[in-house]
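**Student:** Provided herewith: start.cif, mmCIF, C-alpha atoms.
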```cif
data_target
#
loop_
_atom_site.group_PDB
_atom_site.id
_atom_site.type_symbol
_atom_site.label_atom_id
_atom_site.label_comp_id
_atom_site.auth_asym_id
_atom_site.auth_seq_id
_atom_site.Cartn_x
_atom_site.Cartn_y
_atom_site.Cartn_z
ATOM 1 C CA MET A 1 -18.972 127.050 134.367
ATOM 2 C CA ILE A 2 -17.180 127.172 137.702
ATOM 3 C CA SER A 3 -15.748 130.251 139.312
ATOM 4 C CA ILE A 4 -12.053 130.627 140.067
ATOM 5 C CA GLY A 5 -11.936 133.708 142.214
ATOM 6 C CA LYS A 6 -10.069 134.863 145.275
ATOM 7 C CA GLY A 7 -11.129 132.784 148.246
ATOM 8 C CA THR A 8 -13.705 130.694 146.383
ATOM 9 C CA LEU A 9 -11.398 127.769 145.624
ATOM 10 C CA ALA A 10 -8.899 128.141 148.436
ATOM 11 C CA LYS A 11 -8.628 124.391 148.954
ATOM 12 C CA LEU A 12 -8.313 123.499 145.289
ATOM 13 C CA LYS A 13 -4.881 122.645 143.960
ATOM 14 C CA LEU A 14 -3.212 123.900 140.794
ATOM 15 C CA LEU A 15 -0.093 122.300 139.311
ATOM 16 C CA VAL A 16 1.842 124.434 136.814
ATOM 17 C CA ILE A 17 4.351 122.531 134.696
ATOM 18 C CA GLY A 18 7.191 124.874 133.740
ATOM 19 C CA GLY A 19 6.212 127.279 136.510
ATOM 20 C CA THR A 20 9.532 129.137 136.442
ATOM 21 C CA GLY A 21 9.274 130.039 132.738
ATOM 22 C CA PHE A 22 7.846 133.216 131.218
ATOM 23 C CA ILE A 23 4.234 132.112 130.788
ATOM 24 C CA GLY A 24 4.370 129.575 133.607
ATOM 25 C CA SER A 25 5.444 132.143 136.201
ATOM 26 C CA HIS A 26 2.480 134.347 135.272
ATOM 27 C CA MET A 27 0.169 131.307 135.568
ATOM 28 C CA VAL A 28 1.594 130.633 139.016
ATOM 29 C CA GLN A 29 0.933 134.217 140.112
ATOM 30 C CA LYS A 30 -2.616 134.126 138.741
ATOM 31 C CA GLY A 31 -3.222 130.914 140.694
ATOM 32 C CA ILE A 32 -1.948 132.537 143.889
ATOM 33 C CA ASP A 33 -4.122 135.612 143.287
ATOM 34 C CA SER A 34 -7.125 133.323 142.726
ATOM 35 C CA GLY A 35 -6.694 131.694 146.122
ATOM 36 C CA LEU A 36 -5.514 128.321 144.849
ATOM 37 C CA GLU A 37 -2.830 126.157 146.416
ATOM 38 C CA VAL A 38 -0.174 126.340 143.712
ATOM 39 C CA THR A 39 2.576 123.838 142.977
ATOM 40 C CA SER A 40 5.276 124.655 140.429
ATOM 41 C CA LEU A 41 7.070 121.772 138.723
ATOM 42 C CA SER A 42 10.221 122.755 136.885
ATOM 43 C CA LEU A 43 13.881 121.909 136.459
ATOM 44 C CA LYS A 44 14.653 124.964 138.610
ATOM 45 C CA LYS A 45 13.395 125.878 142.077
ATOM 46 C CA ASN A 46 10.584 128.416 141.973
ATOM 47 C CA PRO A 47 11.761 131.768 143.423
ATOM 48 C CA ASN A 48 8.281 132.479 144.813
ATOM 49 C CA ILE A 49 8.935 129.786 147.391
ATOM 50 C CA ASP A 50 7.009 131.366 150.290
ATOM 51 C CA LYS A 51 3.717 131.185 148.366
ATOM 52 C CA VAL A 52 4.361 128.216 146.089
ATOM 53 C CA ILE A 53 5.120 124.546 146.599
ATOM 54 C CA SER A 54 8.179 124.011 144.402
ATOM 55 C CA ILE A 55 8.972 120.636 142.858
ATOM 56 C CA GLN A 56 12.083 120.058 140.793
ATOM 57 C CA ALA A 57 11.703 117.193 138.340
ATOM 58 C CA ASP A 58 12.627 116.145 134.823
ATOM 59 C CA LEU A 59 9.597 115.302 132.669
ATOM 60 C CA SER A 60 11.675 112.885 130.633
ATOM 61 C CA ASP A 61 12.358 110.726 133.710
ATOM 62 C CA HIS A 62 9.135 108.756 134.081
ATOM 63 C CA ALA A 63 10.073 106.887 137.258
ATOM 64 C CA SER A 64 11.022 109.980 139.284
ATOM 65 C CA LEU A 65 8.122 112.002 137.881
ATOM 66 C CA HIS A 66 5.660 109.278 138.847
ATOM 67 C CA SER A 67 7.088 109.045 142.357
ATOM 68 C CA VAL A 68 6.620 112.802 142.815
ATOM 69 C CA LEU A 69 3.185 113.262 141.224
ATOM 70 C CA SER A 70 1.350 110.043 142.116
ATOM 71 C CA LYS A 71 1.364 110.989 145.814
ATOM 72 C CA GLU A 72 -0.698 114.142 145.285
ATOM 73 C CA LYS A 73 -4.118 114.913 143.826
ATOM 74 C CA TYR A 74 -4.490 118.068 141.759
ATOM 75 C CA ASP A 75 -7.691 119.770 140.636
ATOM 76 C CA TYR A 76 -6.078 121.698 137.782
ATOM 77 C CA VAL A 77 -2.924 121.164 135.748
ATOM 78 C CA ILE A 78 -1.497 123.690 133.279
ATOM 79 C CA HIS A 79 1.292 122.332 131.082
ATOM 80 C CA CYS A 80 3.590 125.235 130.132
ATOM 81 C CA GLY A 81 6.662 123.041 129.712
ATOM 82 C CA GLY A 82 8.659 122.448 126.545
ATOM 83 C CA TYR A 83 10.748 124.720 124.365
ATOM 84 C CA ILE A 84 10.606 126.350 120.942
ATOM 85 C CA ASP A 85 13.065 124.857 118.471
ATOM 86 C CA HIS A 86 12.567 124.945 114.688
ATOM 87 C CA THR A 87 15.420 122.527 113.905
ATOM 88 C CA LEU A 88 14.769 120.383 110.830
ATOM 89 C CA PHE A 89 14.261 116.642 111.342
ATOM 90 C CA GLN A 90 17.557 115.764 109.635
ATOM 91 C CA ASN A 91 19.439 118.228 111.832
ATOM 92 C CA GLY A 92 18.195 116.933 115.176
ATOM 93 C CA GLY A 93 14.462 117.532 114.979
ATOM 94 C CA GLN A 94 13.743 113.956 116.036
ATOM 95 C CA LYS A 95 14.880 114.875 119.552
ATOM 96 C CA VAL A 96 12.521 117.876 119.553
ATOM 97 C CA ILE A 97 9.589 115.563 118.787
ATOM 98 C CA SER A 98 10.685 112.981 121.330
ATOM 99 C CA ASP A 99 11.267 115.542 124.092
ATOM 100 C CA HIS A 100 7.821 117.112 123.727
ATOM 101 C CA LEU A 101 5.764 113.953 123.325
ATOM 102 C CA THR A 102 7.612 111.727 125.801
ATOM 103 C CA SER A 103 7.316 114.381 128.496
ATOM 104 C CA LEU A 104 3.571 114.690 127.852
ATOM 105 C CA PHE A 105 3.042 110.914 127.934
ATOM 106 C CA ASN A 106 5.037 110.675 131.175
ATOM 107 C CA LEU A 107 3.082 113.506 132.746
ATOM 108 C CA VAL A 108 -0.361 112.182 131.848
ATOM 109 C CA SER A 109 0.470 108.651 133.007
ATOM 110 C CA SER A 110 1.893 109.932 136.318
ATOM 111 C CA LEU A 111 -1.070 112.066 137.362
ATOM 112 C CA ASP A 112 -3.702 110.900 139.818
ATOM 113 C CA ARG A 113 -6.911 111.632 137.883
ATOM 114 C CA SER A 114 -9.397 111.214 140.743
ATOM 115 C CA ASN A 115 -9.735 114.950 141.502
ATOM 116 C CA LEU A 116 -8.663 116.283 138.113
ATOM 117 C CA LYS A 117 -11.100 118.836 136.713
ATOM 118 C CA LYS A 118 -8.934 120.183 133.889
ATOM 119 C CA PHE A 119 -5.628 119.484 132.177
ATOM 120 C CA LEU A 120 -4.683 122.478 130.039
ATOM 121 C CA TYR A 121 -1.964 122.121 127.424
ATOM 122 C CA LEU A 122 -0.354 125.144 125.795
ATOM 123 C CA GLY A 123 -0.241 124.583 122.044
ATOM 124 C CA SER A 124 1.200 126.785 119.313
ATOM 125 C CA SER A 125 0.028 128.753 116.292
ATOM 126 C CA ASP A 126 2.817 126.928 114.426
ATOM 127 C CA GLU A 127 0.490 123.904 114.331
ATOM 128 C CA TYR A 128 -1.382 125.672 111.519
ATOM 129 C CA GLY A 129 1.725 125.727 109.332
ATOM 130 C CA ASN A 130 0.984 127.585 106.107
ATOM 131 C CA SER A 131 -2.793 127.582 106.483
ATOM 132 C CA PRO A 132 -4.309 130.907 105.383
ATOM 133 C CA SER A 133 -5.147 133.545 107.976
ATOM 134 C CA PRO A 134 -7.171 134.151 109.990
ATOM 135 C CA GLN A 135 -6.531 130.643 111.327
ATOM 136 C CA LYS A 136 -9.480 128.812 112.875
ATOM 137 C CA GLU A 137 -9.490 125.837 115.240
ATOM 138 C CA THR A 138 -11.466 123.859 112.641
ATOM 139 C CA PHE A 139 -8.525 123.979 110.208
ATOM 140 C CA ARG A 140 -6.592 120.766 109.720
ATOM 141 C CA GLU A 141 -3.177 121.167 111.298
ATOM 142 C CA ASN A 142 -0.399 121.567 108.760
ATOM 143 C CA PRO A 143 2.901 121.420 110.691
ATOM 144 C CA ILE A 144 6.025 122.608 108.892
ATOM 145 C CA SER A 145 8.666 121.621 111.459
ATOM 146 C CA PRO A 146 9.322 118.827 113.973
ATOM 147 C CA TYR A 147 8.374 121.302 116.726
ATOM 148 C CA SER A 148 4.985 122.134 115.211
ATOM 149 C CA PHE A 149 4.417 118.446 114.432
ATOM 150 C CA ALA A 150 5.046 117.595 118.093
ATOM 151 C CA LYS A 151 2.613 120.288 119.218
ATOM 152 C CA ALA A 152 -0.088 119.140 116.785
ATOM 153 C CA SER A 153 0.458 115.511 117.822
ATOM 154 C CA ALA A 154 0.090 116.487 121.475
ATOM 155 C CA SER A 155 -3.216 118.233 120.718
ATOM 156 C CA HIS A 156 -4.579 115.137 118.977
ATOM 157 C CA PHE A 157 -3.323 112.852 121.748
ATOM 158 C CA LEU A 158 -5.174 114.849 124.397
ATOM 159 C CA GLN A 159 -8.355 115.011 122.339
ATOM 160 C CA MET A 160 -8.155 111.233 121.928
ATOM 161 C CA LEU A 161 -7.850 110.836 125.705
ATOM 162 C CA TRP A 162 -10.979 112.945 126.186
ATOM 163 C CA ARG A 163 -12.945 110.898 123.670
ATOM 164 C CA THR A 164 -11.797 107.494 124.927
ATOM 165 C CA GLU A 165 -11.175 107.990 128.656
ATOM 166 C CA LYS A 166 -12.883 111.303 129.485
ATOM 167 C CA PHE A 167 -9.534 112.742 130.490
ATOM 168 C CA PRO A 168 -10.525 116.430 130.962
ATOM 169 C CA ALA A 169 -8.004 117.982 128.584
ATOM 170 C CA SER A 170 -8.179 121.243 126.666
ATOM 171 C CA VAL A 171 -5.661 123.022 124.447
ATOM 172 C CA ALA A 172 -4.889 126.745 124.444
ATOM 173 C CA ARG A 173 -3.313 127.387 121.065
ATOM 174 C CA LEU A 174 -1.175 130.459 121.686
ATOM 175 C CA PHE A 175 0.025 132.888 119.053
ATOM 176 C CA LEU A 176 2.731 135.440 120.044
ATOM 177 C CA THR A 177 2.389 136.038 123.772
ATOM 178 C CA TYR A 178 4.624 138.850 125.031
ATOM 179 C CA GLY A 179 5.193 140.896 128.158
ATOM 180 C CA PRO A 180 7.493 141.478 131.153
ATOM 181 C CA GLY A 181 9.806 138.601 131.988
ATOM 182 C CA GLN A 182 10.029 137.011 128.549
ATOM 183 C CA ASP A 183 13.214 135.160 127.632
ATOM 184 C CA ASP A 184 15.834 137.557 126.251
ATOM 185 C CA LYS A 185 16.327 135.288 123.237
ATOM 186 C CA ARG A 186 12.772 135.833 122.010
ATOM 187 C CA PHE A 187 11.913 138.297 119.250
ATOM 188 C CA LEU A 188 10.453 141.251 121.147
ATOM 189 C CA PRO A 189 12.980 141.402 124.019
ATOM 190 C CA GLN A 190 15.784 141.339 121.455
ATOM 191 C CA ILE A 191 14.216 144.239 119.559
ATOM 192 C CA ILE A 192 13.630 146.228 122.745
ATOM 193 C CA LYS A 193 17.187 145.693 123.981
ATOM 194 C CA GLY A 194 18.608 146.613 120.584
ATOM 195 C CA CYS A 195 16.652 149.859 120.618
ATOM 196 C CA LEU A 196 17.564 150.692 124.221
ATOM 197 C CA LYS A 197 21.246 150.299 123.314
ATOM 198 C CA ASP A 198 20.646 152.371 120.158
ATOM 199 C CA THR A 199 22.696 149.877 118.173
ATOM 200 C CA VAL A 200 22.254 148.587 114.644
ATOM 201 C CA PHE A 201 20.519 145.212 114.933
ATOM 202 C CA PRO A 202 19.605 142.712 112.190
ATOM 203 C CA SER A 203 16.019 141.979 111.173
ATOM 204 C CA SER A 204 14.161 140.320 108.346
ATOM 205 C CA LEU A 205 12.314 142.560 105.910
ATOM 206 C CA GLY A 206 9.439 142.215 108.375
ATOM 207 C CA GLU A 207 6.654 141.504 105.909
ATOM 208 C CA GLN A 208 5.250 138.675 108.061
ATOM 209 C CA SER A 209 1.878 139.393 109.654
ATOM 210 C CA ARG A 210 1.623 138.264 113.265
ATOM 211 C CA ASP A 211 -0.769 138.292 116.225
ATOM 212 C CA PHE A 212 0.675 139.626 119.504
ATOM 213 C CA CYS A 213 -1.201 138.962 122.746
ATOM 214 C CA TYR A 214 -0.200 140.533 126.076
ATOM 215 C CA ILE A 215 0.645 138.053 128.825
ATOM 216 C CA SER A 216 -2.194 139.028 131.197
ATOM 217 C CA ASP A 217 -4.745 138.452 128.413
ATOM 218 C CA THR A 218 -3.204 135.063 127.604
ATOM 219 C CA VAL A 219 -3.317 134.017 131.256
ATOM 220 C CA GLU A 220 -6.895 135.223 131.643
ATOM 221 C CA GLY A 221 -7.938 133.237 128.568
ATOM 222 C CA CYS A 222 -6.285 130.110 129.939
ATOM 223 C CA PHE A 223 -8.031 130.437 133.296
ATOM 224 C CA LYS A 224 -11.339 130.873 131.485
ATOM 225 C CA ILE A 225 -10.662 127.460 129.915
ATOM 226 C CA LEU A 226 -10.064 126.015 133.394
ATOM 227 C CA GLU A 227 -13.425 127.385 134.505
ATOM 228 C CA THR A 228 -15.394 126.047 131.543
ATOM 229 C CA SER A 229 -16.427 122.388 131.713
ATOM 230 C CA GLU A 230 -17.716 122.597 128.125
ATOM 231 C CA ALA A 231 -14.099 123.234 127.077
ATOM 232 C CA ASN A 232 -13.107 119.600 127.640
ATOM 233 C CA GLY A 233 -11.697 118.102 124.451
ATOM 234 C CA GLU A 234 -11.633 121.505 122.754
ATOM 235 C CA ILE A 235 -8.889 123.639 121.232
ATOM 236 C CA PHE A 236 -9.005 127.430 121.593
ATOM 237 C CA ASN A 237 -6.997 130.113 119.837
ATOM 238 C CA ILE A 238 -5.797 132.457 122.579
ATOM 239 C CA ALA A 239 -4.559 135.601 120.870
ATOM 240 C CA SER A 240 -5.464 139.220 120.189
ATOM 241 C CA GLY A 241 -7.113 138.594 116.822
ATOM 242 C CA GLU A 242 -5.303 141.728 115.590
ATOM 243 C CA LYS A 243 -2.966 141.739 112.587
ATOM 244 C CA ILE A 244 0.337 143.611 112.491
ATOM 245 C CA THR A 245 3.502 143.115 110.462
ATOM 246 C CA ILE A 246 6.866 142.440 112.090
ATOM 247 C CA ARG A 247 8.198 145.627 110.498
ATOM 248 C CA GLN A 248 5.341 147.660 111.970
ATOM 249 C CA ILE A 249 5.923 146.324 115.476
ATOM 250 C CA ILE A 250 9.660 147.025 115.256
ATOM 251 C CA GLU A 251 8.877 150.566 114.126
ATOM 252 C CA LYS A 252 6.460 150.941 117.064
ATOM 253 C CA VAL A 253 9.182 149.924 119.516
ATOM 254 C CA VAL A 254 11.645 152.357 117.902
ATOM 255 C CA SER A 255 9.030 155.119 118.131
ATOM 256 C CA ILE A 256 8.174 154.464 121.802
ATOM 257 C CA ILE A 257 11.818 154.247 122.913
ATOM 258 C CA GLY A 258 12.938 157.046 120.605
ATOM 259 C CA LYS A 259 16.018 155.268 119.315
ATOM 260 C CA GLY A 260 17.203 152.071 117.652
ATOM 261 C CA LYS A 261 18.537 151.180 114.210
ATOM 262 C CA PRO A 262 16.910 148.071 112.719
ATOM 263 C CA ASP A 263 18.694 146.703 109.653
ATOM 264 C CA PHE A 264 15.716 145.371 107.686
ATOM 265 C CA GLY A 265 16.495 142.531 105.299
ATOM 266 C CA LYS A 266 19.623 141.370 107.118
ATOM 267 C CA VAL A 267 17.960 138.156 108.356
ATOM 268 C CA SER A 268 16.457 135.607 105.968
ATOM 269 C CA TYR A 269 12.953 134.249 106.448
ATOM 270 C CA ARG A 270 12.732 130.793 108.024
ATOM 271 C CA ILE A 271 12.272 127.900 105.577
ATOM 272 C CA GLY A 272 8.541 127.309 105.157
ATOM 273 C CA GLU A 273 7.669 130.250 107.406
ATOM 274 C CA ASN A 274 4.010 131.271 107.318
ATOM 275 C CA MET A 275 3.843 134.900 106.249
ATOM 276 C CA SER A 276 0.512 135.448 108.002
ATOM 277 C CA LEU A 277 -0.287 133.935 111.403
ATOM 278 C CA VAL A 278 -3.299 135.785 112.759
ATOM 279 C CA ALA A 279 -5.936 134.127 114.927
ATOM 280 C CA ASP A 280 -9.672 133.896 114.595
ATOM 281 C CA ILE A 281 -10.669 134.129 118.281
ATOM 282 C CA SER A 282 -14.435 133.970 117.823
ATOM 283 C CA LYS A 283 -14.634 130.503 119.438
ATOM 284 C CA ALA A 284 -12.896 131.676 122.626
ATOM 285 C CA LYS A 285 -15.133 134.729 122.768
ATOM 286 C CA ARG A 286 -18.265 132.622 122.316
ATOM 287 C CA MET A 287 -17.510 129.636 124.551
ATOM 288 C CA LEU A 288 -15.285 131.208 127.185
ATOM 289 C CA HIS A 289 -16.783 134.711 127.294
ATOM 290 C CA TRP A 290 -13.218 135.992 127.052
ATOM 291 C CA ASN A 291 -11.873 139.076 125.340
ATOM 292 C CA PRO A 292 -8.290 140.348 125.252
ATOM 293 C CA ASN A 293 -8.317 143.871 126.666
ATOM 294 C CA THR A 294 -4.701 145.126 126.536
ATOM 295 C CA ASN A 295 -4.073 147.008 123.315
ATOM 296 C CA LEU A 296 -0.689 146.683 121.648
ATOM 297 C CA ASP A 297 0.561 150.195 122.425
ATOM 298 C CA LEU A 298 -0.130 149.779 126.157
ATOM 299 C CA GLY A 299 1.305 146.264 126.204
ATOM 300 C CA LEU A 300 4.478 147.398 124.460
ATOM 301 C CA LYS A 301 4.942 150.307 126.874
ATOM 302 C CA LYS A 302 4.579 147.981 129.883
ATOM 303 C CA THR A 303 7.025 145.519 128.366
ATOM 304 C CA ILE A 304 9.585 148.200 127.480
ATOM 305 C CA GLU A 305 9.393 149.624 131.027
ATOM 306 C CA TYR A 306 10.360 146.197 132.366
ATOM 307 C CA TYR A 307 13.592 146.186 130.357
ATOM 308 C CA GLN A 308 14.543 149.806 131.029
#
```
Would you mind writing the file out in structure tokens?

**Tutor:**
Amino acid sequence: MISIGKGTLAKLKLLVIGGTGFIGSHMVQKGIDSGLEVTSLSLKKNPNIDKVISIQADLSDHASLHSVLSKEKYDYVIHCGGYIDHTLFQNGGQKVISDHLTSLFNLVSSLDRSNLKKFLYLGSSDEYGNSPSPQKETFRENPISPYSFAKASASHFLQMLWRTEKFPASVARLFLTYGPGQDDKRFLPQIIKGCLKDTVFPSSLGEQSRDFCYISDTVEGCFKILETSEANGEIFNIASGEKITIRQIIEKVVSIIGKGKPDFGKVSYRIGENMSLVADISKAKRMLHWNPNTNLDLGLKKTIEYYQ
């Protein structure tokens, strides 16, 4: 176990892939607060330019990526890049697979490994597919979309690199991370905005059980993985471990805001959608000594305040 704390690793370098995104931007800020030299690699320039080294690069362009990354040595890399897209294979899902895996292969092959202490990849609860809840890291992945297949393939690729080349990779398998700054197209921001406008907005029946984890808890869990050398080659569920239905969370948002008219049943469930994605987080608690500490009511209030 190493210690990433303010001032203790001032000379160590953190590279955040996708550092301008929702989760990536919070990783960047945590790195700054921890006294690390932080570089953000993204398609867009990082707005926190006075405290961050900002690199603009396309992960799909191996030649340019290699020219940018091979000149520098990083101690930690957090890969927050990629996008969520549940398109079926026959409707364009092949590109989803290619985009995610090619970018990962390009990134790994472009990095100078000489100083690398940890490469952390952000996985997805979708890798479990329709496995019963609570989902454990020991379950065989059961992807039900090209996106979840790409994520599961990436996890196996990185574990293979650890076994064969001692590439210090770990996977943080995230469930539903939420909080201030999330993309407006995601579930919770859409619900919050619908309620704030007091309009009728469509929803599924909301019978799905889900696991919502506040952004600061997710980031803290990920940094615990960076600190833990025993985490190499391992996958960790980073989530709250708490079960709530989609309908219940919508009703909570309506109650906190005091208005909003959800039209339950207007939206169909996704083909193959798992009706219960709830994490078993006992491994993260045991190996990382990490516990999520922001309860849902507090997290929702903080998130709603951001959009008001």

**Student:** Do you have the atom CA of Thr20 of chain A-atom CA of Lys117 of chain A distance handy?

**Tutor:** 23.1 Å

**Student:** I'd like a table as a tab-separated table: residues in segment 93-205 of chain A with an atom no more than 8 Å from segment 246-268 of chain A, each row giving the shortest atom pair and its distance in Å to one decimal, all atoms listed in the file counted, sorted by chain and rising residue number.

**Tutor:**
```
residue	atom	partner	partner_atom	distance
A:Ile191	CA	A:Ile250	CA	6.9
A:Ile192	CA	A:Val253	CA	6.6
A:Gly194	CA	A:Gly260	CA	6.4
A:Cys195	CA	A:Gly260	CA	3.7
A:Leu196	CA	A:Gly260	CA	6.7
A:Lys197	CA	A:Gly260	CA	7.2
A:Asp198	CA	A:Gly260	CA	4.3
A:Thr199	CA	A:Lys261	CA	5.9
A:Val200	CA	A:Lys261	CA	4.6
A:Phe201	CA	A:Pro262	CA	5.1
A:Pro202	CA	A:Asp263	CA	4.8
A:Ser203	CA	A:Phe264	CA	4.9
A:Ser204	CA	A:Val267	CA	4.4
A:Leu205	CA	A:Gly265	CA	4.2
```

**Student:** Could you please determine the separation between atom CA of Ser64 of chain A and atom CA of Gln159 of chain A in Å, to one decimal place?

**Tutor:** 26.2 Å

**Student:** Show me, as JSON lines, the residues of segment 66-130 of chain A having an atom within 12 Å of segment 220-241 of chain A, each with the closest atom pair and its distance in Å, using all atoms listed in the file.

**Tutor:**
```
{"residue": "A:Asp75", "atom": "CA", "partner": "A:Leu226", "partner_atom": "CA", "distance": 9.9}
{"residue": "A:Tyr76", "atom": "CA", "partner": "A:Leu226", "partner_atom": "CA", "distance": 7.3}
{"residue": "A:Val77", "atom": "CA", "partner": "A:Leu226", "partner_atom": "CA", "distance": 8.9}
{"residue": "A:Ile78", "atom": "CA", "partner": "A:Cys222", "partner_atom": "CA", "distance": 8.7}
{"residue": "A:His79", "atom": "CA", "partner": "A:Cys222", "partner_atom": "CA", "distance": 10.9}
{"residue": "A:Cys80", "atom": "CA", "partner": "A:Cys222", "partner_atom": "CA", "distance": 11.0}
{"residue": "A:Leu116", "atom": "CA", "partner": "A:Leu226", "partner_atom": "CA", "distance": 10.9}
{"residue": "A:Lys117", "atom": "CA", "partner": "A:Leu226", "partner_atom": "CA", "distance": 8.0}
{"residue": "A:Lys118", "atom": "CA", "partner": "A:Leu226", "partner_atom": "CA", "distance": 6.0}
{"residue": "A:Phe119", "atom": "CA", "partner": "A:Leu226", "partner_atom": "CA", "distance": 8.0}
{"residue": "A:Leu120", "atom": "CA", "partner": "A:Leu226", "partner_atom": "CA", "distance": 7.3}
{"residue": "A:Tyr121", "atom": "CA", "partner": "A:Ile235", "partner_atom": "CA", "distance": 9.4}
{"residue": "A:Leu122", "atom": "CA", "partner": "A:Cys222", "partner_atom": "CA", "distance": 8.8}
{"residue": "A:Gly123", "atom": "CA", "partner": "A:Ile235", "partner_atom": "CA", "distance": 8.7}
{"residue": "A:Ser124", "atom": "CA", "partner": "A:Asn237", "partner_atom": "CA", "distance": 8.9}
{"residue": "A:Ser125", "atom": "CA", "partner": "A:Asn237", "partner_atom": "CA", "distance": 8.0}
{"residue": "A:Asp126", "atom": "CA", "partner": "A:Asn237", "partner_atom": "CA", "distance": 11.7}
{"residue": "A:Glu127", "atom": "CA", "partner": "A:Asn237", "partner_atom": "CA", "distance": 11.2}
{"residue": "A:Tyr128", "atom": "CA", "partner": "A:Asn237", "partner_atom": "CA", "distance": 11.0}
```

**Student:** Quick one: distance from atom CA of Pro143 of chain A to atom CA of Ser131 of chain A in Å, one decimal?

**Tutor:**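 Value for the atom CA of Pro143 of chain A-atom CA of Ser131 of chain A distance: 9.4 Å.
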
**Student:** Considering only C-alpha atoms, state which residue in the set A:Thr164, A:Asn91, A:Ser25, A:Asn274 is at the smallest distance from Arg210 of chain A.

**Tutor:**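 Of A:Thr164, A:Asn91, A:Ser25, A:Asn274, the one nearest Arg210 of chain A, counting only C-alpha atoms, is A:Asn274.
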
**Student:** May I have the residues within 7 Å of Cys213 of chain A as a PyMOL selection string, using all atoms listed in the file and disregarding those fewer than 3 positions away in the same chain?

**Tutor:** chain A and resi 176-178+217-218+239-240

**Student:** Nearest to Glu242 of chain A among A:Leu188, A:Leu158, A:Leu296, A:Ile215, with distances taken over only C-alpha atoms: which residue is it?

**Tutor:**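 Once distances to Glu242 of chain A are computed over only C-alpha atoms, the minimum belongs to A:Leu296.
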
**Student:** Within 8 Å of Ala152 of chain A, counting all atoms listed in the file, which residues show up once you throw out same-chain ones fewer than 2 positions away? Write them as a compact mmCIF listing (two decimals) with C-alpha atoms, in the frame of the given file, please.

**Tutor:**
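Okay, result_19.txt is ready:
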```
# COMPACT_ATOMS: atom_id res chain seq x y z
CA GLY A 123 -0.24 124.58 122.04
CA GLU A 127 0.49 123.90 114.33
CA GLU A 141 -3.18 121.17 111.30
CA PRO A 143 2.90 121.42 110.69
CA SER A 148 4.99 122.13 115.21
CA PHE A 149 4.42 118.45 114.43
CA ALA A 150 5.05 117.60 118.09
CA ALA A 154 0.09 116.49 121.48
CA SER A 155 -3.22 118.23 120.72
CA HIS A 156 -4.58 115.14 118.98
```

**Student:** Using the file's own x, y and z axes, what box holds all listed atoms of segment 293-301 of chain A with 5 Å on each side, keeping edges along x, y and z, and what are its centre and edge lengths in Å to one decimal, as JSON?

**Tutor:**
```
{"center_x": -1.7, "center_y": 147.1, "center_z": 124.3, "size_x": 23.3, "size_y": 16.4, "size_z": 15.2}
```

**Student:** Using only C-alpha atoms, which residues sit within 7 Å of Leu277 of chain A once same-chain residues fewer than 4 positions away are excluded, as a list in words?

**Tutor:**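 With the cut-off at 7 Å, the set is Ser133, Ser209, Arg210 and Asp211 of chain A.
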
**Student:** Just checking: using all atoms listed in the file, which residue out of A:Ile304, A:Val278, A:Ile55, A:Ile49 ends up closest to Val68 of chain A?

**Tutor:**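 Residue with the minimum atom-to-atom distance to Val68 of chain A: A:Ile55.
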
**Student:** Taking all atoms listed in the file into account, name the residue in A:Thr138, A:Leu104, A:Glu72, A:Asp85 that is nearest to Lys185 of chain A.

**Tutor:**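 Between A:Thr138, A:Leu104, A:Glu72, A:Asp85, the residue approaching Lys185 of chain A most closely is A:Asp85.
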